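Colleague: A single structure is presented below for examination.
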Amino acid sequence: MTAPPALPEPAHAELDSMLSRKFGKEVANYFSGSPLNRVSFLRTDHAFLSQALKHPSTSFLLFNNLNPLVKSPTQLGYSLYKDVQSLIGEDPFTKSEEDLIKEYNSSTYIPQLIFLGLDDRNKEGLVYKDHYKGAPYFALDVTPKESVTTAAESLIASLESKGLEFSKGRMHLSLPPEEAAIYAAARHVLDWNSRNPFCAACGHRTFSVNGGFKRTCPPADLASSLDTSSVPRPPCATRTGVSNLSFPRTDPTVIMAVVSHDGSKILLGRGKRFPPLWYSTLAGFLEPAESVEEAVRREVWEESGVHVGRVVVHSTQPWPYPANLMIGAIGQAIPGGEEIHLGHDAELADAKWYTADEVREALRIGTSGIGEGPGPEYKEGGLRLPPGTAIAHQLLSAVVGGFLGGEAKI
Ligand SMILES: [Zn+2]
């Protein structure tokens, strides 16, 4: 069994602060902690993107049907500008965004390219306008389709002949934390682009702009033109004012460790698809016009019948499957509110209160991904819990580590 990957180092972890003394050290969950500076304000600057694309320090993370290119389960495989030129052309950023929208032709297939940011740890990286420094990172969709089918197939064959592969399977939880964070951002934004080829407001094809972080609905299209002038499209709500229709979505999910009113027990649930003995914290989607605290109380009551009072947020975790942010909370049951009732919704196969000692022991010897074996010390019949890459694990560790008593060390 390989050792589980480490978690990212929280920012400014060693700095003494009032907040850390009161609430404990910040927990940075797996998939957070990207080493890249996103310089999001430069995404519309094509002079910058053009230089970033061709700089010798630039890395491209390739995806085929959302499967990332890897060297091994613990290492992403990056490509260079010369490798991907056959797909993206010499430079897709020679013209401004405004001009590209004017010349928009919905029948032209352009492989999705995402600008992810600058790694300023690399001292050989790009320097732009004196301030913005680092090695640029892009993600690129090399799925063979439409006009790039042949070029993509040949690129994929050449990468595979070098021992690289597009890692299949949905989860990639064995990467080192910084690689995992780069992969998560790339996957999240590529997935969103691939799900939104058409405008949600008017149904016409959309066009990727802002380094892959926005899709716009162009006002005219050359594809249906009989000459060289674009054919205007009908008015669309996304073209007026600040619109939220065409930016990548992030869906908030609440996930919570719930303790009994006296703090001695922890509520765990078993999903219907979980193996026997495999439990986790409860979780669910935040609903429109609902606070995090309300969503925690509602989800816990709906799934387990338990009534939760005070709720505090502990830490959060990006989860790019496809677009979640897990908001990790700790909640305390109200006096007399601990009775379990599974009859409200059909989500869980079981829910139970466990003592802190039982949870502590299971965190030590009984954790793994679903479908994987536990550690060597695990005794048959013991409680099983999620691995350290899951925020559920960190929430439970916090509870048994003293978070509730104000003497949190994790
Ligand atoms: Zn539209």
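As shown in the structure tokens, the chain order sets the letters A, B, ...; within each chain, residues go from 1, and ligands are also counted from 1 in the order they appear.
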Can I get the residues close to ligand 1 as a PyMOL selection string, where close means within 12 Å and we count only C-alpha atoms and all ligand atoms?
Modeller: chain A and resi 196-207+215-221+232-240+243+245-246
Colleague: Could you name the residues that touch region 157-167 of chain A at 7 Å or less, counting only C-alpha atoms, but leaving out those on the same chain fewer than 2 positions away, as a PyMOL selection string?
Modeller: chain A and resi 64+67-71+77+153-155+169
Colleague: Write a file of the selected residues as a short mmCIF file (atom, residue, chain, number, x, y, z; two decimals), in the first residue's frame, keeping all heavy atoms.
Modeller:
data_model
loop_
_atom_site.label_atom_id
_atom_site.label_comp_id
_atom_site.auth_asym_id
_atom_site.auth_seq_id
_atom_site.Cartn_x
_atom_site.Cartn_y
_atom_site.Cartn_z
N ASN A 64 -7.51 14.37 -22.34
CA ASN A 64 -8.24 13.68 -23.40
C ASN A 64 -9.54 13.19 -22.76
O ASN A 64 -9.51 12.35 -21.86
CB ASN A 64 -7.40 12.51 -23.90
CG ASN A 64 -8.06 11.75 -25.04
OD1 ASN A 64 -9.14 12.12 -25.48
ND2 ASN A 64 -7.42 10.68 -25.49
N ASN A 67 -9.49 13.21 -19.08
CA ASN A 67 -8.47 12.40 -18.41
C ASN A 67 -7.12 13.12 -18.55
O ASN A 67 -6.70 13.41 -19.67
CB ASN A 67 -8.36 11.01 -19.04
CG ASN A 67 -9.65 10.24 -18.91
OD1 ASN A 67 -10.27 10.23 -17.85
ND2 ASN A 67 -10.08 9.62 -20.00
N PRO A 68 -6.43 13.41 -17.45
CA PRO A 68 -5.17 14.17 -17.54
C PRO A 68 -4.00 13.30 -17.99
O PRO A 68 -3.96 12.10 -17.70
CB PRO A 68 -4.96 14.63 -16.09
CG PRO A 68 -5.59 13.55 -15.26
CD PRO A 68 -6.77 13.05 -16.05
N LEU A 69 -3.04 13.93 -18.67
CA LEU A 69 -1.82 13.22 -19.05
C LEU A 69 -0.92 13.08 -17.83
O LEU A 69 -0.65 14.06 -17.14
CB LEU A 69 -1.09 14.00 -20.14
CG LEU A 69 0.11 13.29 -20.78
CD1 LEU A 69 -0.35 12.09 -21.61
CD2 LEU A 69 0.91 14.24 -21.66
N VAL A 70 -0.50 11.85 -17.55
CA VAL A 70 0.35 11.60 -16.38
C VAL A 70 1.58 10.78 -16.78
O VAL A 70 1.57 10.03 -17.75
CB VAL A 70 -0.41 10.85 -15.24
CG1 VAL A 70 -1.59 11.67 -14.75
CG2 VAL A 70 -0.86 9.47 -15.68
N LYS A 71 2.63 10.96 -15.97
CA LYS A 71 3.81 10.08 -16.10
C LYS A 71 3.60 8.85 -15.25
O LYS A 71 4.09 7.77 -15.56
CB LYS A 71 5.05 10.83 -15.59
CG LYS A 71 5.60 11.82 -16.56
CD LYS A 71 6.91 12.39 -16.00
CE LYS A 71 7.55 13.34 -16.99
NZ LYS A 71 8.55 14.17 -16.36
N GLY A 77 2.05 14.68 -16.38
CA GLY A 77 2.99 14.79 -17.50
C GLY A 77 2.70 16.09 -18.25
O GLY A 77 1.60 16.29 -18.73
N GLU A 153 -4.89 12.86 -32.68
CA GLU A 153 -4.56 11.43 -32.62
C GLU A 153 -3.06 11.22 -32.75
O GLU A 153 -2.47 10.39 -32.06
CB GLU A 153 -5.31 10.66 -33.72
CG GLU A 153 -6.75 10.39 -33.31
CD GLU A 153 -7.60 9.82 -34.44
OE1 GLU A 153 -7.13 9.77 -35.60
OE2 GLU A 153 -8.75 9.46 -34.15
N SER A 154 -2.44 12.00 -33.61
CA SER A 154 -1.00 11.82 -33.80
C SER A 154 -0.23 12.33 -32.57
O SER A 154 0.75 11.71 -32.14
CB SER A 154 -0.60 12.47 -35.12
OG SER A 154 0.42 13.37 -34.97
N LEU A 155 -0.68 13.43 -31.96
CA LEU A 155 -0.05 13.92 -30.73
C LEU A 155 -0.19 12.88 -29.60
O LEU A 155 0.77 12.57 -28.90
CB LEU A 155 -0.69 15.25 -30.31
CG LEU A 155 -0.28 15.81 -28.95
CD1 LEU A 155 1.22 16.08 -28.88
CD2 LEU A 155 -1.04 17.11 -28.64
N GLY A 169 -10.36 6.97 -15.20
CA GLY A 169 -10.92 6.96 -13.84
C GLY A 169 -11.21 8.39 -13.45
O GLY A 169 -10.59 9.33 -13.95
#
Colleague: Within 8 Å of Arg360 (chain A), counting only C-alpha atoms, which residues qualify if same-chain residues fewer than 3 places away don't, as number ranges by chain?
Modeller: A: 356-357, 363-364, 397, 400
Colleague: Suppose we keep N, CA and C atoms; can you now write the selection as a PDB file, in the first residue's frame?
Modeller:
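Output file out_30.pdb is given in full below:
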ATOM      1  N   ALA A 356     -15.935   9.438  20.525  1.00  0.00           N
ATOM      2  CA  ALA A 356     -14.709  10.059  20.002  1.00  0.00           C
ATOM      3  C   ALA A 356     -13.588   9.025  19.910  1.00  0.00           C
ATOM      4  N   ASP A 357     -13.535   8.102  20.874  1.00  0.00           N
ATOM      5  CA  ASP A 357     -12.481   7.080  20.845  1.00  0.00           C
ATOM      6  C   ASP A 357     -12.641   6.152  19.642  1.00  0.00           C
ATOM      7  N   LEU A 363      -9.779   6.538  12.484  1.00  0.00           N
ATOM      8  CA  LEU A 363      -8.936   7.455  11.706  1.00  0.00           C
ATOM      9  C   LEU A 363      -7.503   6.933  11.649  1.00  0.00           C
ATOM     10  N   ARG A 364      -7.109   6.226  12.694  1.00  0.00           N
ATOM     11  CA  ARG A 364      -5.729   5.715  12.766  1.00  0.00           C
ATOM     12  C   ARG A 364      -5.537   4.476  11.908  1.00  0.00           C
ATOM     13  N   SER A 397     -11.007  14.544  12.267  1.00  0.00           N
ATOM     14  CA  SER A 397      -9.735  14.722  12.987  1.00  0.00           C
ATOM     15  C   SER A 397      -9.793  15.947  13.879  1.00  0.00           C
ATOM     16  N   VAL A 400     -12.001  15.157  17.053  1.00  0.00           N
ATOM     17  CA  VAL A 400     -11.336  14.316  18.068  1.00  0.00           C
ATOM     18  C   VAL A 400     -10.016  14.951  18.532  1.00  0.00           C
TER      19      VAL A 400
END
Colleague: Counting only C-alpha atoms, what is within 9 Å of region 143-152 of chain A, bar same-chain residues fewer than 5 positions away, as a list in words?
Modeller: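 Near neighbours after the sequence-gap exclusion: Phe63, Asn64, Asn65, Leu66, Val84, Ser86, Leu87, Thr108, Tyr109, Ile110, Pro111 and Ala157 of chain A.
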Colleague: Can you write just those residues out, all heavy atoms, as a CSV table (one decimal), in the first residue's frame?
Modeller:
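Okay, result_6.csv is ready:
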chain,number,residue,atom,x,y,z
A,63,PHE,N,-5.5,17.2,-21.6
A,63,PHE,CA,-6.6,16.3,-21.2
A,63,PHE,C,-7.2,15.7,-22.4
A,63,PHE,O,-7.4,16.3,-23.4
A,63,PHE,CB,-7.7,17.1,-20.5
A,63,PHE,CG,-7.3,17.5,-19.1
A,63,PHE,CD1,-6.5,18.6,-18.9
A,63,PHE,CD2,-7.9,16.9,-18.0
A,63,PHE,CE1,-6.1,19.0,-17.6
A,63,PHE,CE2,-7.6,17.3,-16.7
A,63,PHE,CZ,-6.7,18.3,-16.5
A,64,ASN,N,-7.5,14.4,-22.3
A,64,ASN,CA,-8.2,13.7,-23.4
A,64,ASN,C,-9.5,13.2,-22.8
A,64,ASN,O,-9.5,12.4,-21.9
A,64,ASN,CB,-7.4,12.5,-23.9
A,64,ASN,CG,-8.1,11.8,-25.0
A,64,ASN,OD1,-9.1,12.1,-25.5
A,64,ASN,ND2,-7.4,10.7,-25.5
A,65,ASN,N,-10.7,13.7,-23.2
A,65,ASN,CA,-11.9,13.4,-22.6
A,65,ASN,C,-11.9,13.6,-21.0
A,65,ASN,O,-12.4,12.7,-20.3
A,65,ASN,CB,-12.4,12.0,-22.9
A,65,ASN,CG,-12.9,11.9,-24.3
A,65,ASN,OD1,-13.8,12.7,-24.7
A,65,ASN,ND2,-12.5,10.9,-25.1
A,66,LEU,N,-11.3,14.7,-20.6
A,66,LEU,CA,-11.1,15.0,-19.2
A,66,LEU,C,-10.2,14.1,-18.4
A,66,LEU,O,-10.1,14.2,-17.2
A,66,LEU,CB,-12.5,15.1,-18.5
A,66,LEU,CG,-13.4,16.3,-18.9
A,66,LEU,CD1,-14.7,16.2,-18.2
A,66,LEU,CD2,-12.8,17.6,-18.7
A,84,VAL,N,2.3,21.1,-28.8
A,84,VAL,CA,0.9,21.3,-29.0
A,84,VAL,C,0.5,22.3,-30.2
A,84,VAL,O,-0.6,22.5,-30.5
A,84,VAL,CB,0.2,21.9,-27.7
A,84,VAL,CG1,0.4,20.9,-26.5
A,84,VAL,CG2,0.8,23.3,-27.3
A,86,SER,N,0.6,21.9,-33.3
A,86,SER,CA,-0.2,21.3,-34.4
A,86,SER,C,-1.7,21.4,-34.1
A,86,SER,O,-2.5,21.4,-35.0
A,86,SER,CB,0.2,19.9,-34.6
A,86,SER,OG,0.0,19.1,-33.4
A,87,LEU,N,-2.0,21.6,-32.8
A,87,LEU,CA,-3.4,21.7,-32.5
A,87,LEU,C,-3.9,23.1,-32.3
A,87,LEU,O,-5.0,23.5,-32.8
A,87,LEU,CB,-3.7,21.0,-31.1
A,87,LEU,CG,-4.3,19.6,-31.3
A,87,LEU,CD1,-3.3,18.6,-31.6
A,87,LEU,CD2,-5.0,19.2,-30.0
A,108,THR,N,-16.0,27.0,-36.9
A,108,THR,CA,-14.6,26.7,-36.7
A,108,THR,C,-14.4,26.0,-35.4
A,108,THR,O,-14.8,26.6,-34.3
A,108,THR,CB,-13.8,28.0,-36.7
A,108,THR,OG1,-14.1,28.7,-37.9
A,108,THR,CG2,-12.3,27.8,-36.7
A,109,TYR,N,-13.8,24.8,-35.4
A,109,TYR,CA,-13.5,24.2,-34.1
A,109,TYR,C,-12.2,24.6,-33.5
A,109,TYR,O,-11.2,24.6,-34.2
A,109,TYR,CB,-13.5,22.6,-34.2
A,109,TYR,CG,-13.2,21.9,-32.9
A,109,TYR,CD1,-14.1,21.9,-31.9
A,109,TYR,CD2,-11.9,21.4,-32.7
A,109,TYR,CE1,-13.8,21.3,-30.7
A,109,TYR,CE2,-11.6,20.7,-31.5
A,109,TYR,CZ,-12.6,20.7,-30.5
A,109,TYR,OH,-12.3,20.1,-29.3
A,110,ILE,N,-12.2,25.1,-32.3
A,110,ILE,CA,-10.9,25.5,-31.6
A,110,ILE,C,-10.8,24.7,-30.3
A,110,ILE,O,-11.6,24.7,-29.5
A,110,ILE,CB,-11.0,27.0,-31.2
A,110,ILE,CG1,-11.3,27.8,-32.5
A,110,ILE,CG2,-9.7,27.5,-30.6
A,110,ILE,CD1,-11.6,29.3,-32.2
A,111,PRO,N,-9.7,23.9,-30.2
A,111,PRO,CA,-9.5,23.1,-29.0
A,111,PRO,C,-9.4,24.0,-27.8
A,111,PRO,O,-8.8,25.1,-27.8
A,111,PRO,CB,-8.1,22.4,-29.2
A,111,PRO,CG,-7.8,22.5,-30.7
A,111,PRO,CD,-8.5,23.7,-31.2
A,157,ALA,N,-0.6,9.7,-29.9
A,157,ALA,CA,0.2,8.5,-30.2
A,157,ALA,C,1.7,8.8,-29.8
A,157,ALA,O,2.4,7.9,-29.2
A,157,ALA,CB,0.1,8.1,-31.6
Colleague: For Ser315 (chain A), work out the shell of residues within 10 Å, counting only C-alpha atoms and skipping chain neighbours fewer than 3 positions away, then give it as a list in words.
Modeller: Glu26, Val27, Ala28, Asn29, Val312, Met326, Ile327, Gly328, Ala329, Ile330, Ile391, Gln394 and Leu395 of chain A
Colleague: Would you mind listing what lies within 12 Å of Pro318 (chain A) as a list in words, with only C-alpha atoms counted and same-chain residues fewer than 5 positions away left out?
Modeller: Ala28, Asn29, Tyr30, Phe31, Ser32, Gly33, Ser34, Ala180, Ala181, Ile182, Tyr183, Ala184, Ala185, Arg187, His188, Thr250, Asp251, Pro252, Thr253, Val254, Ala323, Asn324, Leu325, Met326, Ile327, Gly328, Thr389, Ala390 and Ile391 of chain A
Colleague: For region 128-133 of chain A, list every protein, DNA or RNA residue within 10 Å, evaluated using only C-alpha atoms, and leave out those in the same chain fewer than 6 positions away; present the list as a PyMOL selection string.
Modeller: chain A and resi 37+39+42+47-48+51-52+118-122
Colleague: Any chance you could list, as an MDAnalysis selection string, the residues in region 180-367 of chain A that come up strand (DSSP E) when DSSP is run on the backbone?
Modeller: chainID A and resid 207:209 214:216 220:221 231:232 251:259 265:271 282:285 308:319 324:333 348:355
Colleague: Measure the distance from CA of Ser264 (chain A) to CA of Ile370 (chain A) in Å and round it to one decimal.
Modeller: 27.0 Å
Colleague: From the options A:Ala135, A:Ala295, A:Leu268, A:Leu36, which residue's atoms come nearest to Pro56 (chain A), counting only C-alpha atoms?
Modeller: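 Ranking A:Ala135, A:Ala295, A:Leu268, A:Leu36 by distance to Pro56 (chain A), first place goes to A:Ala135.
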Colleague: DSSP on the backbone: what in region 138-281 of chain A comes out alpha helix (DSSP H), as a ChimeraX atom specification?
Modeller: /A:149-161,177-195
Colleague: Any idea what the distance is between CA of Leu348 (chain A) and CA of Gly271 (chain A)?
Modeller: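 Those two atoms sit 4.7 Å apart.
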